[in-house]
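Report on the structure given below.
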Amino acid sequence: MLSAIALAALAAGCGDSGKNTASSTTASIKQREKALQAKLRALVPLRALLLRTNEFAGLHPAGRRRGFGYDAASWLEALEIPQSERPREAQRLNRLGFQGGIQERLRPIKRSTAEEAISLVEKFPSNSAARAELAAQVQVAKGQGASEFPVGGIPGARGFGEPGAINVAFADGPHYYLVGLAFPPGASGVAGRGDVIAAAKRQFTRLHQT
C-alpha cells in the first residue's frame with residue numbers, strides 16, 4: 001500500500017496530471033480500506049458463536065488469538081489448507097457466497113494429555129448455503145477415508161472421523177459449525193467421541209437459549 005508521503009512525492013514529480021492520478025489512487029485506497037474494515041467488523045459477532053470455556057470438558061480456549069478470514073482466500077490461509085487445494089476450495093466457497101469465518105483452538109486443561117480441539121464458524125448468505133457447506137465438508141472427509149457416526153440432539157448434525165480425529169458439524173441458520181478433536185492415534189487419557197458430541201450439543205443449546 002502506498003503511503004501518503006509516497007503519494008505526495010508521486011504527485012509532486014508528475015505535474016497536474018500526477019496530482020489527478022494521486023488523488024484518484026488515494027480515493028481508491030480509502031475505498032478498499034473502508035470495504036476491508038466493514039468485512040472485519042462483520043466477523044466480530046461470530047466470536048460469540050464459538051465454543052466457550054467449560055463447553056468442552058477438559059479443554060479450554062488456547063488464547064485470545066483466533067484464526068479468521070473475511071473472504072475465501074484469507075480463510076483458507078487461516079485454515080492452512082494446502083496451496084494445491086486452495087483454488088478449488090475458493091471457487092466452491094465463493095459459489096456459496098462465503099461471508100467470513102473464525103476459528104479457535106482449545107487445549108487440555110491438564111498438560112499431560114495430548115489432544116487439541118477446534119471450534120469453527122463460517123457465515124453464508126442463506127440457510128441453504130450453510131447446509132450445502134455441511135454436505136460438502138462431510139463428502140470431502142469421507143473421500144479422505146473418514147467414516148460417519150450418528151449425532152443426536154442437534155438437528156441435521158453429522159459426525160465423522162478417522163483414527164486420531166473426531167468431528168461434529170452442523171448447520172444452523174446461515175452458519176456452519178464444526179467442533180473437532182485431534183490426538184495421536186492410540187493415545188490414552190484423551191477425550192472421545194462422546195465428549196465432542198456433548199460439546200457440540202452444549203454449544204447448540206446455548207445458541208438457542210432465549
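By convention here, the chains of the C-alpha cells are called A, B, ... in the order presented, each chain's residues are numbered starting at 1, and ligands are numbered starting at 1 in the order presented.
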Excluding same-chain residues fewer than 3 positions from stretch 144-146 of chain A, what lies within 6 Å of it counting only C-alpha atoms, as a VMD selection string? chain A and resid 141 161 to 162
Excluding A:Arg95 and residues on its chain fewer than 4 positions from it, collect all residues at most 12 Å away from it, counting only C-alpha atoms, and give them as a list in words.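 Here the qualifying residues turn out to be Ala72, Arg88, Glu89, Ala90, Gln91, Gln99, Phe124, Pro125, Ala129, Ala130, Ala132 and Glu133 of chain A.
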Calculate how many Å separate atom CA of A:Pro155 from atom CA of A:Gly100, rounding to one decimal.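 Between these atoms lies a distance of 23.2 Å.
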Calculated over only C-alpha atoms, which of the candidates A:Asn94, A:Ser28, A:Ser119, A:Thr53 has the smallest distance to A:Phe68? A:Ser119
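If you count only C-alpha atoms and ignore residues fewer than 3 places along the chain from stretch 54-56 of chain A, what sits within 8 Å of it is A:Leu51, A:Leu59, A:His60, A:Asp195, A:Val196, A:Ala198, A:Ala199, A:Arg202, A:Gln203.
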Only C-alpha atoms, please: the residues just picked out, written as a PDB file, in the first residue's frame.
```pdb
ATOM      1  CA  LEU A  51     -17.327 -22.756  21.852  1.00  0.00           C
ATOM      2  CA  LEU A  59     -10.309 -28.281  27.402  1.00  0.00           C
ATOM      3  CA  HIS A  60     -10.332 -24.506  27.227  1.00  0.00           C
ATOM      4  CA  ASP A 195     -17.049 -35.589  24.597  1.00  0.00           C
ATOM      5  CA  VAL A 196     -17.064 -33.991  21.138  1.00  0.00           C
ATOM      6  CA  ALA A 198     -21.500 -33.263  24.210  1.00  0.00           C
ATOM      7  CA  ALA A 199     -19.515 -30.091  23.467  1.00  0.00           C
ATOM      8  CA  ARG A 202     -23.831 -27.541  24.685  1.00  0.00           C
ATOM      9  CA  GLN A 203     -22.887 -25.043  22.004  1.00  0.00           C
TER      10      GLN A 203
END
```
Interatomic distance (Å, one decimal) between atom CA of A:Arg41 and atom CA of A:Phe98: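 Distance between the two atoms: 15.4 Å.
For the residues A:Gln103, A:Ser74, A:Thr205, A:Gln137, ranking by smallest atom-to-atom distance to A:Ile154 using only C-alpha atoms places A:Thr205 first.
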Between atom CA of A:His175 and atom CA of A:Pro163, distance in Å (one decimal):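 Spanning atom CA of A:His175 to atom CA of A:Pro163 is a straight-line distance of 27.4 Å.
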I want to know what sits within 8 Å of A:Leu46, based on only C-alpha atoms, with residues of the same chain fewer than 3 positions away left out; could you give that as number ranges by chain? A: 42-43, 49-50, 101-102, 121
Name the closest residue to A:Phe160 among the candidates A:Arg193, A:Lys39, A:Lys123, A:Arg131; distances are taken between atoms, counting only C-alpha atoms.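 For A:Phe160, the nearest of the candidates is A:Arg193.
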Return as a PyMOL selection string the full set of residues in chain A whose backbone-based DSSP assignment is strand (DSSP E or B). chain A and resi 59-61+67-69+100-108+116-123+147-149+158-162+165-172+175-182
